[in-house]
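Visitor: You'll find coords32.csv just under this line, and it carries CSV, C-alpha atoms.
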```
chain,number,residue,atom,x,y,z
A,268,MET,CA,81.2,27.9,54.7
A,269,PRO,CA,81.5,24.5,56.5
A,270,ALA,CA,82.5,21.6,54.3
A,271,ARG,CA,79.3,19.7,55.2
A,272,LEU,CA,77.1,22.5,53.9
A,273,ILE,CA,79.1,22.8,50.7
A,274,THR,CA,78.8,19.0,50.1
A,275,LEU,CA,75.1,19.2,50.8
A,276,LEU,CA,74.6,21.9,48.2
A,277,LEU,CA,76.5,20.0,45.6
A,278,VAL,CA,74.3,16.9,46.2
A,279,VAL,CA,71.2,19.0,45.7
A,280,LEU,CA,72.5,20.6,42.5
A,281,VAL,CA,73.5,17.2,41.1
A,282,ALA,CA,70.1,15.7,42.0
A,283,ALA,CA,68.3,18.7,40.3
A,284,SER,CA,70.5,18.3,37.2
A,285,CYS,CA,69.8,14.6,37.1
A,286,ASP,CA,66.0,15.2,37.3
A,287,LYS,CA,66.2,17.7,34.4
A,288,LEU,CA,68.2,15.1,32.4
A,289,LYS,CA,65.6,12.4,33.2
A,290,ASN,CA,62.7,14.7,32.2
A,291,LEU,CA,64.5,15.6,28.9
A,292,ALA,CA,65.2,11.9,28.2
A,293,ALA,CA,61.6,11.0,28.9
A,294,LYS,CA,60.3,13.7,26.6
A,295,THR,CA,62.8,12.6,23.9
A,296,SER,CA,61.7,8.9,24.3
A,297,THR,CA,58.1,9.9,24.1
A,298,LEU,CA,58.7,11.9,20.9
A,299,MET,CA,60.6,9.1,19.3
A,300,LYS,CA,57.9,6.5,20.2
A,301,ALA,CA,55.3,8.8,18.7
A,302,LYS,CA,57.2,9.1,15.5
A,303,ILE,CA,57.8,5.3,15.3
A,304,THR,CA,54.1,4.5,15.9
A,305,GLY,CA,52.9,7.3,13.6
A,306,GLN,CA,51.4,9.3,16.5
A,307,ALA,CA,53.6,12.4,15.9
A,308,ASP,CA,52.1,15.9,15.7
A,309,GLU,CA,49.0,15.9,13.4
A,310,SER,CA,50.4,18.9,11.6
A,311,GLU,CA,52.6,16.4,9.7
A,312,SER,CA,49.6,15.2,7.8
A,313,LEU,CA,48.7,18.8,6.8
A,314,LYS,CA,52.1,19.6,5.2
A,315,VAL,CA,51.8,21.0,1.7
A,316,ASP,CA,54.0,19.6,-1.2
A,317,GLU,CA,56.5,22.4,-1.8
A,318,GLN,CA,56.6,22.0,-5.6
A,319,LEU,CA,52.8,22.2,-5.8
A,320,GLN,CA,52.7,25.2,-3.3
A,321,LYS,CA,55.0,27.1,-5.7
A,322,LEU,CA,52.2,26.9,-8.3
A,323,VAL,CA,49.5,28.4,-6.0
A,324,ASP,CA,48.3,31.9,-6.9
A,325,GLN,CA,47.4,33.4,-3.5
A,326,THR,CA,47.9,36.9,-2.1
A,327,ALA,CA,46.4,39.0,0.7
A,328,GLU,CA,43.4,39.6,-1.6
A,329,GLY,CA,42.6,35.9,-1.9
A,330,ALA,CA,43.4,32.8,-3.9
A,331,VAL,CA,42.8,31.9,-7.5
A,332,PHE,CA,41.6,28.4,-8.4
A,333,ARG,CA,43.9,27.9,-11.4
A,334,LYS,CA,42.9,26.4,-14.7
A,335,ASP,CA,45.7,27.9,-16.9
A,336,LEU,CA,48.4,25.2,-16.3
A,337,PRO,CA,48.7,22.3,-18.8
A,338,PHE,CA,47.1,19.3,-17.2
A,339,PRO,CA,49.6,16.5,-16.5
A,340,SER,CA,49.5,13.5,-19.0
A,341,HIS,CA,51.2,11.1,-16.6
A,342,LEU,CA,49.7,10.6,-13.2
A,343,GLU,CA,48.4,8.1,-10.6
A,344,VAL,CA,45.1,8.4,-8.7
A,345,SER,CA,44.1,6.2,-5.8
A,346,THR,CA,40.5,6.6,-4.7
A,347,THR,CA,38.7,5.4,-1.5
A,348,ARG,CA,35.0,5.8,-1.8
A,349,ARG,CA,32.7,5.0,1.2
A,350,HIS,CA,28.9,5.2,1.3
A,351,GLU,CA,27.2,4.7,4.7
A,352,MET,CA,23.5,4.1,3.8
A,353,SER,CA,20.4,4.1,5.9
A,354,GLY,CA,17.1,3.5,4.1
A,355,ARG,CA,15.7,0.9,1.7
A,356,PHE,CA,18.4,-0.6,-0.6
A,357,PHE,CA,18.2,-3.8,-2.6
A,358,GLU,CA,19.4,-5.7,-5.7
A,359,SER,CA,17.4,-7.6,-8.2
A,360,SER,CA,17.9,-9.6,-11.4
A,361,ALA,CA,15.9,-11.6,-13.9
A,362,ILE,CA,15.3,-14.3,-11.3
A,363,GLY,CA,14.0,-11.9,-8.6
A,364,LYS,CA,15.1,-9.8,-5.7
A,365,GLN,CA,18.5,-10.8,-4.2
A,366,ALA,CA,18.9,-8.6,-1.1
A,367,ASP,CA,16.9,-6.0,0.9
A,368,VAL,CA,18.6,-4.1,3.7
A,369,LEU,CA,17.9,-1.0,5.8
A,370,LYS,CA,21.5,-0.1,6.6
A,371,GLY,CA,24.9,-0.9,5.1
A,372,THR,CA,28.3,0.5,4.1
A,373,GLN,CA,29.6,0.3,0.6
A,374,THR,CA,33.4,0.6,0.4
A,375,THR,CA,35.3,0.8,-3.0
A,376,LEU,CA,39.0,1.2,-3.5
A,377,THR,CA,40.2,1.9,-7.1
A,378,GLN,CA,43.6,2.6,-8.6
A,379,PHE,CA,44.2,4.6,-11.9
A,380,LYS,CA,47.3,5.2,-13.9
A,381,ARG,CA,47.4,7.5,-16.9
A,382,GLU,CA,50.2,7.7,-19.4
A,383,GLY,CA,49.1,10.0,-22.2
A,384,ASP,CA,46.4,8.1,-24.2
A,385,MET,CA,46.6,5.0,-22.0
A,386,ILE,CA,44.5,4.5,-18.9
A,387,ARG,CA,44.9,1.5,-16.6
A,388,TYR,CA,42.1,0.9,-14.1
A,389,THR,CA,42.2,-1.6,-11.2
A,390,LEU,CA,39.4,-2.4,-8.8
A,391,GLU,CA,41.3,-3.1,-5.6
A,392,GLN,CA,38.3,-3.8,-3.4
A,393,SER,CA,34.5,-3.5,-3.4
A,394,ASP,CA,32.3,-4.8,-0.6
A,395,PHE,CA,28.9,-4.0,1.0
A,396,ALA,CA,28.9,-4.7,4.7
A,397,LEU,CA,25.7,-5.1,6.8
A,398,PRO,CA,25.9,-3.6,10.4
A,399,VAL,CA,26.7,-6.1,13.2
A,400,SER,CA,24.3,-5.9,16.2
A,401,ASP,CA,25.7,-5.6,19.7
A,402,LYS,CA,24.4,-9.1,20.5
A,403,ALA,CA,26.4,-10.6,17.6
A,404,GLU,CA,29.5,-8.6,18.5
A,405,ALA,CA,30.9,-11.4,20.7
A,406,GLU,CA,30.2,-14.0,18.0
A,407,LYS,CA,31.8,-12.2,15.1
A,408,LYS,CA,35.2,-13.7,15.6
A,409,THR,CA,33.8,-17.1,14.9
A,410,ALA,CA,31.0,-16.2,12.5
A,411,PRO,CA,31.7,-15.3,8.9
A,412,LYS,CA,31.7,-11.6,8.0
A,413,THR,CA,28.2,-10.4,7.1
A,414,THR,CA,28.2,-8.9,3.6
A,415,ALA,CA,25.6,-8.5,0.9
A,416,ALA,CA,28.3,-8.5,-1.8
A,417,ALA,CA,32.1,-8.6,-1.9
A,418,ALA,CA,34.8,-8.5,-4.5
A,419,SER,CA,38.6,-8.7,-4.1
A,420,ALA,CA,41.1,-7.1,-6.4
A,421,ALA,CA,40.3,-7.7,-10.1
A,422,GLN,CA,42.6,-7.9,-13.1
A,423,PRO,CA,43.6,-4.5,-14.3
A,424,VAL,CA,41.9,-3.2,-17.5
A,425,THR,CA,43.8,-1.0,-19.9
A,426,PHE,CA,42.2,1.4,-22.2
A,427,ARG,CA,44.0,3.1,-25.1
A,428,LYS,CA,42.9,6.0,-27.3
A,429,THR,CA,43.3,5.7,-31.0
A,430,GLY,CA,42.3,8.9,-32.9
A,431,LYS,CA,39.2,10.1,-31.1
A,432,SER,CA,37.9,6.8,-29.8
A,433,TRP,CA,38.9,4.6,-26.8
A,434,GLY,CA,39.5,0.8,-27.1
A,435,ALA,CA,40.6,-2.1,-25.0
A,436,ASP,CA,44.4,-2.7,-24.9
A,437,GLN,CA,44.1,-6.4,-24.1
A,438,ARG,CA,43.2,-8.6,-27.1
A,439,GLY,CA,41.0,-11.5,-26.3
A,440,ASP,CA,40.1,-10.1,-22.8
A,441,PHE,CA,36.3,-10.4,-22.7
A,442,ARG,CA,35.9,-8.2,-19.7
A,443,ALA,CA,37.9,-5.4,-21.2
A,444,ALA,CA,36.1,-5.7,-24.5
A,445,ALA,CA,32.7,-5.6,-22.8
A,446,LEU,CA,33.7,-2.6,-20.7
A,447,VAL,CA,34.9,-0.7,-23.8
A,448,GLN,CA,31.7,-1.3,-25.6
A,449,GLU,CA,29.7,0.1,-22.7
A,450,LEU,CA,32.0,3.0,-21.7
A,451,ALA,CA,33.5,4.3,-25.0
A,452,PRO,CA,30.7,6.9,-25.6
A,453,VAL,CA,31.0,8.3,-22.0
A,454,PHE,CA,34.7,7.7,-21.4
A,455,ASP,CA,35.5,11.5,-21.2
A,456,GLN,CA,33.0,11.8,-18.3
A,457,LEU,CA,34.8,9.0,-16.4
A,458,LEU,CA,38.1,10.8,-16.8
A,459,ILE,CA,36.7,14.0,-15.4
A,460,GLU,CA,35.0,12.3,-12.5
A,461,ASN,CA,38.1,10.4,-11.5
A,462,ALA,CA,40.5,13.4,-11.6
A,463,LEU,CA,42.2,12.0,-14.8
A,464,ALA,CA,41.3,15.1,-16.8
A,465,SER,CA,40.4,18.7,-16.1
A,466,ARG,CA,36.9,19.6,-15.0
A,467,PRO,CA,35.2,22.1,-17.4
A,468,LEU,CA,33.9,25.6,-16.7
A,469,TRP,CA,36.3,26.0,-13.7
A,470,PHE,CA,36.2,29.2,-11.7
A,471,ALA,CA,36.9,32.5,-13.4
A,472,ASN,CA,40.1,34.4,-12.4
A,473,HIS,CA,38.3,35.7,-9.3
A,474,ARG,CA,40.3,35.8,-6.0
A,475,PHE,CA,38.4,34.0,-3.3
A,476,LYS,CA,38.7,34.8,0.4
A,477,VAL,CA,37.5,32.7,3.3
A,478,GLY,CA,33.7,33.4,3.6
A,479,ASP,CA,33.1,34.1,-0.1
A,480,PRO,CA,30.0,32.4,-1.4
A,481,VAL,CA,29.3,31.0,-4.9
A,482,VAL,CA,26.3,29.4,-6.5
A,483,VAL,CA,26.9,26.7,-9.1
A,484,THR,CA,23.8,26.0,-11.3
A,485,GLY,CA,22.6,25.7,-14.9
A,486,ASP,CA,25.3,25.3,-17.6
A,487,VAL,CA,28.0,25.7,-14.9
A,488,LEU,CA,27.0,22.6,-12.9
A,489,PRO,CA,29.3,20.2,-14.7
A,490,MET,CA,32.1,22.1,-13.0
A,491,LEU,CA,31.2,20.0,-9.9
A,492,ILE,CA,28.8,17.3,-11.1
A,493,ALA,CA,30.1,15.3,-14.1
A,494,GLY,CA,27.7,14.0,-16.7
A,495,ASN,CA,24.3,15.2,-17.8
A,496,ALA,CA,23.1,16.9,-14.5
A,497,LYS,CA,20.6,19.5,-13.5
A,498,GLY,CA,20.3,21.3,-10.2
A,499,SER,CA,21.8,24.0,-8.0
A,500,LEU,CA,24.6,24.0,-5.4
A,501,THR,CA,25.6,26.7,-2.9
A,502,LEU,CA,29.2,26.8,-1.8
A,503,LYS,CA,31.1,28.9,0.7
A,504,LEU,CA,34.9,29.0,1.1
A,505,GLU,CA,35.7,27.8,4.6
A,506,SER,CA,39.5,27.4,4.7
A,507,PHE,CA,42.6,26.3,2.8
A,508,GLU,CA,43.9,22.8,3.6
A,509,PRO,CA,45.9,20.2,1.7
A,510,VAL,CA,44.8,16.7,0.7
A,511,GLU,CA,47.9,14.4,0.9
A,512,GLY,CA,50.1,17.4,0.3
A,513,HIS,CA,48.0,18.9,-2.5
A,514,PRO,CA,46.9,22.5,-1.7
A,515,CYS,CA,43.1,22.9,-1.8
A,516,GLY,CA,40.3,25.3,-0.9
A,517,VAL,CA,37.7,23.8,1.4
A,518,PHE,CA,34.1,24.7,0.6
A,519,SER,CA,30.9,23.9,2.5
A,520,ILE,CA,28.2,22.7,0.2
A,521,THR,CA,24.4,22.3,0.1
A,522,GLY,CA,21.9,21.9,-2.7
A,523,ASP,CA,20.2,19.5,-5.0
A,524,TYR,CA,20.9,17.8,-8.3
A,525,GLN,CA,19.7,15.1,-10.6
A,526,ARG,CA,21.5,13.1,-13.4
A,527,LYS,CA,20.8,10.2,-15.6
A,528,SER,CA,22.9,7.3,-17.0
A,529,PHE,CA,26.1,8.3,-15.3
A,530,PRO,CA,28.7,5.6,-15.6
A,531,ASP,CA,31.4,4.0,-13.5
A,532,PHE,CA,34.4,1.9,-14.6
A,533,GLU,CA,32.6,-1.3,-13.9
A,534,GLY,CA,30.0,-0.7,-16.7
A,535,ARG,CA,27.2,0.3,-14.3
A,536,PHE,CA,25.0,3.3,-15.1
A,537,ILE,CA,23.1,5.3,-12.5
A,538,ASP,CA,20.0,7.5,-12.4
A,539,GLU,CA,19.9,9.5,-9.2
A,540,GLU,CA,18.3,12.4,-7.4
A,541,VAL,CA,20.4,13.9,-4.6
A,542,THR,CA,19.9,16.4,-1.8
A,543,ILE,CA,23.1,17.5,-0.1
A,544,GLN,CA,22.0,18.5,3.4
A,545,SER,CA,25.5,19.5,4.5
A,546,GLY,CA,29.1,18.7,3.6
A,547,LYS,CA,32.5,19.8,2.4
A,548,ILE,CA,34.5,19.5,-0.8
A,549,TRP,CA,38.2,20.0,-1.3
A,550,LEU,CA,39.0,21.7,-4.6
A,551,SER,CA,42.6,21.9,-5.9
A,552,LEU,CA,44.2,25.3,-6.1
A,553,VAL,CA,46.5,24.2,-8.9
A,554,TYR,CA,44.3,22.1,-11.3
A,555,PRO,CA,40.6,21.8,-12.0
A,556,ILE,CA,40.0,18.7,-9.9
A,557,ILE,CA,38.1,17.6,-6.8
A,558,LEU,CA,40.3,15.7,-4.3
A,559,ARG,CA,38.0,15.0,-1.4
A,560,GLU,CA,34.2,15.0,-0.6
A,561,ASP,CA,32.5,14.5,2.8
A,562,LEU,CA,28.7,14.8,2.3
A,563,ASP,CA,25.5,14.1,4.2
A,564,THR,CA,22.9,13.4,1.5
A,565,ILE,CA,19.4,12.1,0.9
A,566,ARG,CA,19.2,10.2,-2.4
A,567,SER,CA,17.2,7.9,-4.5
A,568,PHE,CA,18.9,5.9,-7.3
A,569,LYS,CA,18.7,3.1,-9.7
A,570,SER,CA,21.9,1.6,-11.2
A,571,GLY,CA,22.9,-1.4,-13.2
A,572,GLY,CA,24.5,-2.7,-16.4
A,573,ARG,CA,23.0,-4.5,-19.3
A,574,GLY,CA,21.9,-7.9,-18.3
A,575,GLY,CA,23.3,-7.6,-14.8
A,576,LEU,CA,22.0,-6.9,-11.3
A,577,VAL,CA,19.9,-3.8,-10.8
A,578,SER,CA,20.4,-1.8,-7.6
A,579,ARG,CA,17.7,0.5,-6.2
A,580,GLY,CA,17.6,2.5,-3.1
A,581,GLN,CA,16.2,5.5,-1.2
A,582,GLY,CA,17.4,7.0,2.1
A,583,SER,CA,20.2,8.9,3.7
A,584,VAL,CA,23.8,8.3,2.5
A,585,LYS,CA,26.9,9.7,4.1
A,586,VAL,CA,29.4,10.0,1.3
A,587,SER,CA,33.2,10.0,1.8
A,588,VAL,CA,35.6,10.2,-1.2
A,589,LYS,CA,39.3,10.8,-1.0
A,590,ARG,CA,41.7,10.8,-3.9
A,591,VAL,CA,45.5,10.5,-3.6
A,592,TRP,CA,46.6,12.3,-6.7
A,593,LYS,CA,50.3,12.0,-7.9
A,594,CYS,CA,51.8,13.7,-10.9
A,595,LEU,CA,54.4,11.4,-12.5
A,596,ALA,CA,55.5,13.7,-15.3
A,597,PRO,CA,54.2,16.8,-17.1
```
Kindly transcribe the structure held in the file into structure tokens.

Guide:
Amino acid sequence: MPARLITLLLVVLVAASCDKLKNLAAKTSTLMKAKITGQADESESLKVDEQLQKLVDQTAEGAVFRKDLPFPSHLEVSTTRRHEMSGRFFESSAIGKQADVLKGTQTTLTQFKREGDMIRYTLEQSDFALPVSDKAEAEKKTAPKTTAAAASAAQPVTFRKTGKSWGADQRGDFRAAALVQELAPVFDQLLIENALASRPLWFANHRFKVGDPVVVTGDVLPMLIAGNAKGSLTLKLESFEPVEGHPCGVFSITGDYQRKSFPDFEGRFIDEEVTIQSGKIWLSLVYPIILREDLDTIRSFKSGGRGGLVSRGQGSVKVSVKRVWKCLAP
């Protein structure tokens, strides 16, 4: 073979190898950038915590929603709650009506820590934002943010159980003392609602497969709706999927319920009638807790505390609740 031909072949082979190396380097660079910017494979967010997965009772015949494990006494729960409302919503006080809106979004961030008979509650953020029109979009950088109500992080409130009753841990803290007085009779409901204690009447030892339906009504309703509730909910197991590493069964849900005087950690009590048109809920496969809710609802409600603002509303509400649940110790 002539020397010129051999040299030409070598040049072509080297060039091809260089192109492969360049392509490999480009792919590696893209992957590294994705990891750095948090844009790596979405499957990363669906990874299950290995220690929790070991506790899951799942076979080819289906999965059991366990209720037999001792519930952890030391844990942290971070909750993001978002209500996108469209309808008639307003607040009023002794001096008259304060606000009346057709649309708005209520966002609440809370942090809980439980250490045995001690509960620490922190309101990280609470705001009610009105929608911004397209015309005002260009002006929003200079105009103040439009909100009906807003609150930044508040001082944590610590509750401690002595015997069978809950009390305020901070002496001389007026806010804590007032909350304890309001919430002590219903504190157990708050613990259940916020995944700080087990939900009652959890599933029997039935193995669920994808597609299995279940109707929750009557005396069993507190399994899903804490407090004094009435109604009927229809569920169907759609899939298995983790929430922040916690293995869950994902159910579609529809139905109606009503409940009265249901509390929150700010001392407000709500009466509500709710129709769930469609939605999904994520139920833990390890403990009797609900970790996520995405619901399209129609609801009417009245809420307020003694001597404070009274909120009323009626309309459609898209509900999104996500709890990041971490066990600190058994």

Visitor: Which is closer to Gln378 in chain A than all the others in A:Asp440, A:Glu511, A:Glu391, A:Glu533, using all atoms listed in the file?

Guide: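 Among the listed residues, A:Glu391 lies closest to Gln378 in chain A.
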
Visitor: Give one line per residue of range 511-546 of chain A that approaches range 317-335 of chain A to at most 10 Å, naming the two atoms of the closest pair and their distance in Å to one decimal, counting all atoms listed in the file; sort by chain then ascending residue number and deliver it as a Markdown table.

Guide:
```
| residue | atom | partner | partner_atom | distance |
| --- | --- | --- | --- | --- |
| A:Gly512 | CA | A:Leu319 | CA | 8.2 |
| A:His513 | CA | A:Leu319 | CA | 6.7 |
| A:Pro514 | CA | A:Gln320 | CA | 6.6 |
| A:Cys515 | CA | A:Phe332 | CA | 8.7 |
| A:Gly516 | CA | A:Phe332 | CA | 8.2 |
```

Visitor: Which residues are close to Lys380 in chain A, i.e. within 7 Å by only C-alpha atoms, leaving aside same-chain residues fewer than 3 positions away? Reply as a PyMOL selection string.

Guide: chain A and resi 342-344+386-388

Visitor: Measuring between all atoms listed in the file, which one of A:Phe454, A:Phe532, A:Trp469, A:Trp592 shows the shortest distance to Leu491 in chain A?

Guide: A:Trp469

Visitor: What does the distance between CA of Ser551 in chain A and CA of Glu351 in chain A come to in Å, to one decimal place?

Guide: 25.4 Å

Visitor: What is the CA of Ser499 in chain A-CA of Ser528 in chain A distance in Å, reported with one decimal?

Guide: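 Computing it gives 19.0 Å between the two atoms.
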
Visitor: Between CA of Thr372 in chain A and CA of Pro530 in chain A, what distance in Å does the model show, to one decimal?

Guide: 20.4 Å
